[in-house]
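Trainee: Sharing coords.cif below, mmCIF, C-alpha atoms:
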data_protein
#
loop_
_atom_site.label_atom_id
_atom_site.label_comp_id
_atom_site.auth_asym_id
_atom_site.auth_seq_id
_atom_site.Cartn_x
_atom_site.Cartn_y
_atom_site.Cartn_z
CA MET Y 1 68.84 93.25 96.34
CA PRO Y 2 65.93 90.79 96.31
CA ALA Y 3 68.00 87.75 97.29
CA MET Y 4 70.27 86.97 100.20
CA ASP Y 5 74.02 86.62 99.72
CA ASP Y 6 73.75 82.89 100.26
CA GLY Y 7 71.18 80.31 101.16
CA THR Y 8 69.57 76.97 100.59
CA ALA Y 9 66.01 75.75 100.14
CA VAL Y 10 64.08 72.61 99.25
CA GLN Y 11 60.84 72.64 97.26
CA ARG Y 12 58.31 69.79 97.24
CA SER Y 13 55.07 69.83 95.29
CA GLY Y 14 52.35 67.21 95.17
CA VAL Y 15 51.81 67.82 91.44
CA MET Y 16 55.48 67.38 90.53
CA PRO Y 17 57.29 64.06 90.05
CA TYR Y 18 60.45 65.60 91.52
CA ARG Y 19 61.66 67.49 94.56
CA PHE Y 20 64.03 70.41 94.04
CA GLU Y 21 66.93 71.52 96.20
CA TYR Y 22 68.36 75.03 95.79
CA ALA Y 23 71.55 76.68 97.02
CA TRP Y 24 73.16 80.00 96.15
CA ARG Y 25 76.10 82.25 96.96
CA THR Y 26 77.45 85.64 95.96
CA HIS Y 27 80.78 87.08 97.11
CA PRO Y 28 82.74 90.22 96.10
CA GLY Y 29 85.97 88.23 95.69
CA ARG Y 30 89.40 89.29 96.89
CA VAL Y 31 90.08 92.26 94.59
CA ARG Y 32 86.86 94.20 93.93
CA VAL Y 33 85.63 96.60 96.62
CA GLY Y 34 81.95 96.17 95.74
CA ASN Y 35 79.79 93.42 94.35
CA GLU Y 36 78.10 94.16 91.01
CA ASP Y 37 76.63 90.65 90.72
CA ALA Y 38 73.08 89.74 91.67
CA VAL Y 39 71.51 86.38 92.49
CA LEU Y 40 67.82 85.63 92.76
CA VAL Y 41 66.37 82.29 93.89
CA GLN Y 42 62.65 81.86 94.54
CA PRO Y 43 61.74 78.18 95.00
CA GLU Y 44 58.03 78.98 95.26
CA CYS Y 45 58.20 80.35 91.70
CA GLY Y 46 60.71 77.82 90.39
CA LEU Y 47 63.04 80.73 89.59
CA LEU Y 48 66.82 81.02 89.52
CA MET Y 49 68.69 84.02 88.16
CA VAL Y 50 72.28 85.25 88.11
CA ALA Y 51 73.45 88.59 86.71
CA ASP Y 52 76.85 90.28 86.35
CA GLY Y 53 76.68 94.07 86.19
CA ILE Y 54 78.94 96.16 83.94
CA GLY Y 55 79.62 99.88 83.99
CA GLY Y 56 81.67 102.33 86.04
CA SER Y 57 80.85 104.16 89.28
CA ARG Y 58 78.79 101.26 90.65
CA ALA Y 59 76.41 101.49 87.68
CA GLY Y 60 76.87 97.78 87.08
CA GLU Y 61 75.50 97.08 90.54
CA VAL Y 62 72.43 99.16 89.70
CA ALA Y 63 71.88 97.36 86.40
CA SER Y 64 72.07 93.85 87.89
CA ALA Y 65 69.78 94.89 90.77
CA ILE Y 66 67.20 96.28 88.35
CA ALA Y 67 67.33 93.05 86.36
CA ALA Y 68 66.72 91.02 89.53
CA GLU Y 69 63.83 93.25 90.63
CA VAL Y 70 62.09 93.12 87.24
CA ILE Y 71 62.55 89.36 86.84
CA ALA Y 72 61.26 88.75 90.38
CA GLU Y 73 58.19 90.90 89.74
CA CYS Y 74 57.43 89.09 86.48
CA PHE Y 75 57.55 85.68 88.15
CA GLN Y 76 55.58 86.78 91.20
CA ASN Y 77 52.83 88.18 88.97
CA GLN Y 78 52.60 84.97 86.97
CA SER Y 79 49.14 83.76 87.99
CA ALA Y 80 49.35 80.09 86.98
CA ALA Y 81 51.93 77.39 86.35
CA TRP Y 82 53.01 76.82 82.76
CA ASP Y 83 51.48 73.84 81.02
CA GLN Y 84 54.11 73.75 78.31
CA ALA Y 85 57.87 74.25 78.41
CA GLY Y 86 57.64 76.47 75.33
CA ASP Y 87 55.33 78.87 77.15
CA ALA Y 88 57.82 79.13 80.02
CA ARG Y 89 60.65 79.72 77.59
CA ALA Y 90 58.77 82.58 75.91
CA PHE Y 91 57.87 84.00 79.32
CA VAL Y 92 61.51 84.05 80.47
CA GLU Y 93 62.60 85.72 77.22
CA ALA Y 94 59.93 88.40 77.68
CA ALA Y 95 60.94 88.97 81.32
CA ILE Y 96 64.56 89.54 80.26
CA GLU Y 97 63.46 91.97 77.55
CA LYS Y 98 61.41 93.87 80.14
CA ALA Y 99 64.46 94.09 82.41
CA HIS Y 100 66.53 95.35 79.48
CA LEU Y 101 64.00 98.12 78.80
CA ALA Y 102 63.97 99.18 82.47
CA ILE Y 103 67.78 99.44 82.51
CA CYS Y 104 67.83 101.46 79.28
CA GLN Y 105 65.16 103.85 80.53
CA LEU Y 106 66.94 104.55 83.82
CA GLY Y 107 70.23 105.10 82.00
CA GLU Y 108 68.56 107.73 79.83
CA VAL Y 109 67.24 109.80 82.74
CA ARG Y 110 70.28 109.48 85.03
CA SER Y 111 73.47 110.54 83.28
CA GLU Y 112 75.73 108.97 85.92
CA LEU Y 113 74.27 105.58 84.96
CA ALA Y 114 74.64 105.98 81.22
CA GLY Y 115 76.29 102.95 79.65
CA MET Y 116 75.42 100.58 82.48
CA GLY Y 117 74.47 97.03 81.63
CA THR Y 118 74.44 93.49 82.89
CA THR Y 119 74.70 89.91 81.73
CA ILE Y 120 71.93 87.58 82.83
CA VAL Y 121 70.93 83.93 82.90
CA VAL Y 122 67.47 82.89 84.10
CA ALA Y 123 65.98 79.43 84.63
CA ALA Y 124 62.32 78.49 85.16
CA VAL Y 125 61.74 75.05 86.69
CA GLY Y 126 58.75 73.08 85.40
CA PRO Y 127 57.35 69.67 86.40
CA THR Y 128 59.69 67.69 84.13
CA TRP Y 129 61.70 70.36 82.34
CA LEU Y 130 63.76 73.50 82.80
CA ALA Y 131 63.36 76.51 80.49
CA PHE Y 132 66.19 79.03 80.39
CA ALA Y 133 67.26 82.23 78.67
CA TYR Y 134 70.40 84.34 78.80
CA VAL Y 135 72.32 87.32 77.48
CA GLY Y 136 76.09 87.79 77.82
CA ASP Y 137 78.61 85.37 79.30
CA SER Y 138 76.96 84.32 82.53
CA ARG Y 139 76.44 80.60 82.10
CA LEU Y 140 74.16 77.64 82.71
CA TYR Y 141 75.69 74.18 83.24
CA ARG Y 142 74.18 70.75 83.83
CA LEU Y 143 75.79 67.81 85.60
CA ARG Y 144 74.09 64.57 84.56
CA ALA Y 145 75.51 61.12 85.33
CA GLU Y 146 78.92 62.78 85.93
CA ARG Y 147 78.89 64.54 82.55
CA PHE Y 148 79.33 68.30 83.02
CA GLU Y 149 77.96 70.30 80.10
CA GLN Y 150 77.52 74.01 79.36
CA LEU Y 151 73.95 74.56 78.11
CA SER Y 152 74.33 78.28 77.39
CA HIS Y 153 76.60 79.75 74.71
CA ASP Y 154 78.65 82.84 75.55
CA HIS Y 155 77.82 86.11 73.81
CA SER Y 156 81.43 87.26 73.72
CA LEU Y 157 84.06 88.21 71.17
CA ILE Y 158 86.29 85.27 72.04
CA GLN Y 159 83.42 82.82 71.53
CA ASP Y 160 82.46 84.49 68.24
CA VAL Y 161 85.93 84.22 66.72
CA VAL Y 162 86.04 80.53 67.65
CA ASP Y 163 82.54 79.94 66.25
CA GLN Y 164 83.52 81.66 63.00
CA GLY Y 165 86.57 79.40 62.61
CA PHE Y 166 89.29 81.99 63.11
CA PHE Y 167 90.68 79.90 65.98
CA ALA Y 168 90.34 76.23 66.82
CA SER Y 169 89.67 76.87 70.50
CA ARG Y 170 89.27 79.59 73.11
CA GLU Y 171 92.77 78.75 74.34
CA ASP Y 172 94.20 79.51 70.87
CA ALA Y 173 92.29 82.79 70.76
CA ARG Y 174 93.60 83.79 74.19
CA ARG Y 175 97.18 83.05 73.15
CA CYS Y 176 96.71 85.44 70.22
CA GLY Y 177 95.51 88.22 72.50
CA VAL Y 178 91.71 88.00 72.18
CA GLY Y 179 90.26 89.24 75.46
CA GLU Y 180 87.98 87.01 77.53
CA ASN Y 181 85.69 89.75 78.81
CA ILE Y 182 84.60 91.56 75.65
CA LEU Y 183 80.84 91.05 75.43
CA THR Y 184 78.83 91.11 72.20
CA ARG Y 185 75.48 91.30 74.01
CA ALA Y 186 74.31 92.64 77.37
CA LEU Y 187 71.15 94.07 78.88
CA GLY Y 188 71.18 97.87 78.59
CA SER Y 189 73.97 98.02 76.01
CA LEU Y 190 71.99 98.15 72.77
CA GLU Y 191 68.53 99.45 71.93
CA GLU Y 192 67.54 96.11 70.35
CA LEU Y 193 68.22 93.00 72.39
CA ARG Y 194 68.61 89.41 71.20
CA VAL Y 195 67.90 86.84 73.89
CA SER Y 196 69.09 83.23 73.56
CA SER Y 197 67.05 80.48 75.18
CA GLY Y 198 66.51 76.75 75.45
CA ILE Y 199 64.70 73.88 77.16
CA THR Y 200 66.10 70.76 78.78
CA ASP Y 201 64.43 67.78 80.42
CA LEU Y 202 64.96 66.85 84.06
CA GLU Y 203 66.27 63.59 85.50
CA PRO Y 204 66.76 62.62 89.16
CA GLY Y 205 70.30 63.48 90.20
CA ASP Y 206 70.69 66.37 87.75
CA ILE Y 207 72.49 69.43 89.11
CA PHE Y 208 72.12 72.73 87.27
CA MET Y 209 74.49 75.64 87.95
CA LEU Y 210 73.96 79.26 86.93
CA CYS Y 211 77.09 81.37 87.45
CA THR Y 212 79.02 84.50 86.56
CA ASP Y 213 82.49 84.51 85.04
CA GLY Y 214 83.95 85.31 88.45
CA LEU Y 215 83.61 81.59 89.09
CA THR Y 216 84.38 80.10 85.67
CA GLY Y 217 87.28 82.47 85.11
CA MET Y 218 88.97 81.26 88.29
CA VAL Y 219 88.02 77.58 88.66
CA PRO Y 220 88.58 75.05 85.84
CA GLU Y 221 85.42 73.31 84.68
CA ASP Y 222 86.72 69.90 85.71
CA TRP Y 223 87.26 71.16 89.26
CA VAL Y 224 83.67 72.43 89.36
CA ARG Y 225 82.52 69.06 88.06
CA GLN Y 226 84.41 67.21 90.79
CA VAL Y 227 82.95 69.40 93.54
CA LEU Y 228 79.42 68.82 92.27
CA ILE Y 229 79.95 65.07 91.89
CA ALA Y 230 81.27 64.92 95.45
CA SER Y 231 78.03 66.52 96.69
CA ALA Y 232 75.88 63.64 95.39
CA ARG Y 233 75.07 62.18 98.83
CA ASN Y 234 75.32 65.44 100.78
CA ALA Y 235 73.45 68.72 101.00
CA LEU Y 236 73.98 71.06 98.07
CA ASP Y 237 74.82 74.18 100.08
CA PRO Y 238 78.37 73.09 101.08
CA ALA Y 239 79.17 72.60 97.38
CA ALA Y 240 78.16 76.21 96.68
CA ALA Y 241 80.38 77.40 99.54
CA ALA Y 242 83.28 75.24 98.34
CA LEU Y 243 83.12 76.68 94.82
CA VAL Y 244 83.24 80.25 96.12
CA HIS Y 245 86.17 79.29 98.35
CA LEU Y 246 88.05 77.78 95.39
CA ALA Y 247 87.50 80.89 93.26
CA ASN Y 248 88.88 83.07 96.05
CA GLU Y 249 91.82 80.74 96.70
CA ARG Y 250 92.74 80.97 93.01
CA GLY Y 251 92.78 84.78 93.07
CA GLY Y 252 89.20 85.98 93.43
CA SER Y 253 89.82 88.71 90.86
CA ASP Y 254 86.11 89.28 90.18
CA ASN Y 255 82.79 89.00 91.98
CA ILE Y 256 81.74 85.35 92.37
CA THR Y 257 78.12 84.28 92.09
CA LEU Y 258 76.32 81.00 91.53
CA ALA Y 259 72.93 79.37 91.99
CA LEU Y 260 72.50 75.59 92.13
CA LEU Y 261 69.48 73.38 91.55
CA ARG Y 262 69.41 69.64 92.23
CA VAL Y 263 66.60 67.35 91.04
CA HIS Y 264 65.49 64.62 93.44
CA ALA Y 265 63.05 61.82 92.75
CA ASP Y 266 59.81 62.38 94.66
CA HIS Y 267 60.61 59.28 96.75
CA PRO Y 268 64.15 59.28 98.27
CA GLU Y 269 64.53 55.52 97.64
CA ASP Y 270 64.26 56.20 93.90
CA ASP Y 271 67.31 58.46 94.14
CA GLU Y 272 69.21 55.74 96.00
CA GLU Y 273 68.30 53.05 93.46
CA ARG Y 274 69.35 55.31 90.62
CA SER Y 275 72.70 56.11 92.27
CA ALA Y 276 73.34 52.42 92.95
CA SER Y 277 72.61 51.50 89.34
CA ARG Y 278 75.13 54.09 88.13
CA ILE Y 279 77.81 52.73 90.46
CA LEU Y 280 77.16 49.09 89.45
CA ALA Y 281 77.13 49.98 85.76
#
Let's see the structure in the file written out as structure tokens.

Mentor:
Amino acid sequence: MPAMDDGTAVQRSGVMPYRFEYAWRTHPGRVRVGNEDAVLVQPECGLLMVADGIGGSRAGEVASAIAAEVIAECFQNQSAAWDQAGDARAFVEAAIEKAHLAICQLGEVRSELAGMGTTIVVAAVGPTWLAFAYVGDSRLYRLRAERFEQLSHDHSLIQDVVDQGFFASREDARRCGVGENILTRALGSLEELRVSSGITDLEPGDIFMLCTDGLTGMVPEDWVRQVLIASARNALDPAAAALVHLANERGGSDNITLALLRVHADHPEDDEERSASRILA
């Protein structure tokens, strides 16, 4: 796998108005024997990726690893920085489609891998923006000024029935027996892939989290929010470790993977002034 199980890094660039802090973790959890998730963080490329493999006989692990390898290669071969957020968004979509094709092709030639697939969420960090794309139910969140918001939108049956108005909420759908883990899209699952994507601006203090459902299925969103808020004046890596610990303490029924990005002002005193203004307000 092209990324370590856990880690932290800080990126500074003279052409960027911000500094970026990265942290990541992946853990098999307390129930699964193997880990079919993948995490990829490359600060030099401004890349974060999380994938959750699906398929029996360890095929899910193969699918998520292929996705990570293809995405990494695409970013490493990118010769110049993107001038426009829209260009980065299109690039990330194309990289995901290339990973999808690679998974499909391997599944066709190796019968034991037939039916394998993976969810994916990828983020590309620009000077003042973040472009992202995703397929499946791995998610992207943003914490800004203590507001915790999901920026992605699950490609799952339970989300679809809520969107179509059959149920008022996911909780109502669950009570009526709609399963949480039935995907409507995944890399490798269908010949034609639809990738969702978006762009968001950056502000000092923002924390972005990419994660698999092994985290969100175990830890309530408000708990995640509180852990990230508590990390405001500390290094980001302990927050990543704390979230994995919480997921395991609450059952750890699936693999747990996350990647975190924090935006710092280029001058540390700017971060401090901004934090003080929030407290005084």

Trainee: How many Å lie between CA of Leu258 in chain Y and CA of Leu243 in chain Y, rounded to one decimal?

Mentor: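 Pair CA of Leu258 in chain Y / CA of Leu243 in chain Y returns 8.7 Å.
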
Trainee: The PyMOL selection byres ((chain Y and resi 152-155) around 7) - which residues does that actually catch in the file I just gave you? List them as a list in words.

Mentor: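 Going through the file, the PyMOL selection byres ((chain Y and resi 152-155) around 7) ends up selecting Val135, Gly136, Asp137, Arg139, Leu140, Gln150, Leu151, Ser156, Gln159, Leu183, Thr184 and Arg185 of chain Y.
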
Trainee: Take the PyMOL selection byres ((chain Y and resi 201) around 8), run it mentally on this structure, and tell me the resulting residues as JSON, numbers by chain.

Mentor: {"Y": [128, 129, 130, 199, 200, 202, 203]}

Trainee: Using all atoms listed in the file, which residue out of Y:Ala23, Y:Ala99, Y:Val121, Y:Leu228 lies closest to Asp37 in chain Y?

Mentor: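 Between Y:Ala23, Y:Ala99, Y:Val121, Y:Leu228, the residue approaching Asp37 in chain Y most closely is Y:Val121.
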
Trainee: Around all the atoms of range 72-79 of chain Y listed in the file, draw an axis-aligned box and extend it by 5 Å on each of the six sides; I want its centre and edge lengths in Å to one decimal, as JSON.

Mentor:
{"center_x": 55.2, "center_y": 87.3, "center_z": 88.8, "size_x": 22.1, "size_y": 17.1, "size_z": 14.7}

Trainee: Quick one: residues within 7 Å of Ser197 in chain Y, all atoms listed in the file, excluding same-chain residues fewer than 4 positions away - as a list of chain:residue names?

Mentor: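 After dropping sequence-adjacent residues, the list is Y:Arg89, Y:Phe132, Y:Ala133, Y:Tyr134.
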
Trainee: Go through Y:Leu47, Y:Val33, Y:Arg262, Y:Gly107 and flag the residue nearest Ser231 in chain Y, using all atoms listed in the file for the distances.

Mentor: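 The answer is Y:Arg262, which sits nearest to Ser231 in chain Y.
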
Trainee: With the PyMOL selection byres ((chain Y and resi 222) around 12) as the selection, what would be picked from this file? Answer as a ChimeraX atom specification, please.

Mentor: /Y:143,146-150,216,218-221,223-229,243

Trainee: Using all atoms listed in the file, can you tell me which of Y:Ala68, Y:Cys104, Y:Ala124, Y:Ala59 comes closest to Gly86 in chain Y?

Mentor: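 Ranked by minimum distance to Gly86 in chain Y, first place goes to Y:Ala124.
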
Trainee: Just the number, please: distance in Å from CA of Leu215 in chain Y to CA of Ala241 in chain Y, one decimal.

Mentor: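 Going from CA of Leu215 in chain Y over to CA of Ala241 in chain Y covers 11.7 Å.
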
Trainee: Tell me, in Å to one decimal, how far CA of Arg144 in chain Y is from CA of Phe20 in chain Y.

Mentor: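 Here the two named atoms are 15.0 Å from each other.
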
Trainee: So, with all atoms listed in the file as the atoms that count, which of Y:Gly205, Y:Gly198, Y:Gly252, Y:Gly60 lies closest to Ala90 in chain Y?

Mentor: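 Selected residue with least distance to Ala90 in chain Y: Y:Gly198.
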
Trainee: Which one of Y:Phe166, Y:Phe91, Y:Trp24, Y:Phe75 sits closest to Leu210 in chain Y if you count all atoms listed in the file?

Mentor: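 Ranked by minimum distance to Leu210 in chain Y, first place goes to Y:Trp24.
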
Trainee: Tell me which of Y:Ile256, Y:Ala240, Y:Ala168, Y:Leu48 sits closest to Gly34 in chain Y, counting only C-alpha atoms.

Mentor: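 Result for the nearest residue to Gly34 in chain Y: Y:Ile256.
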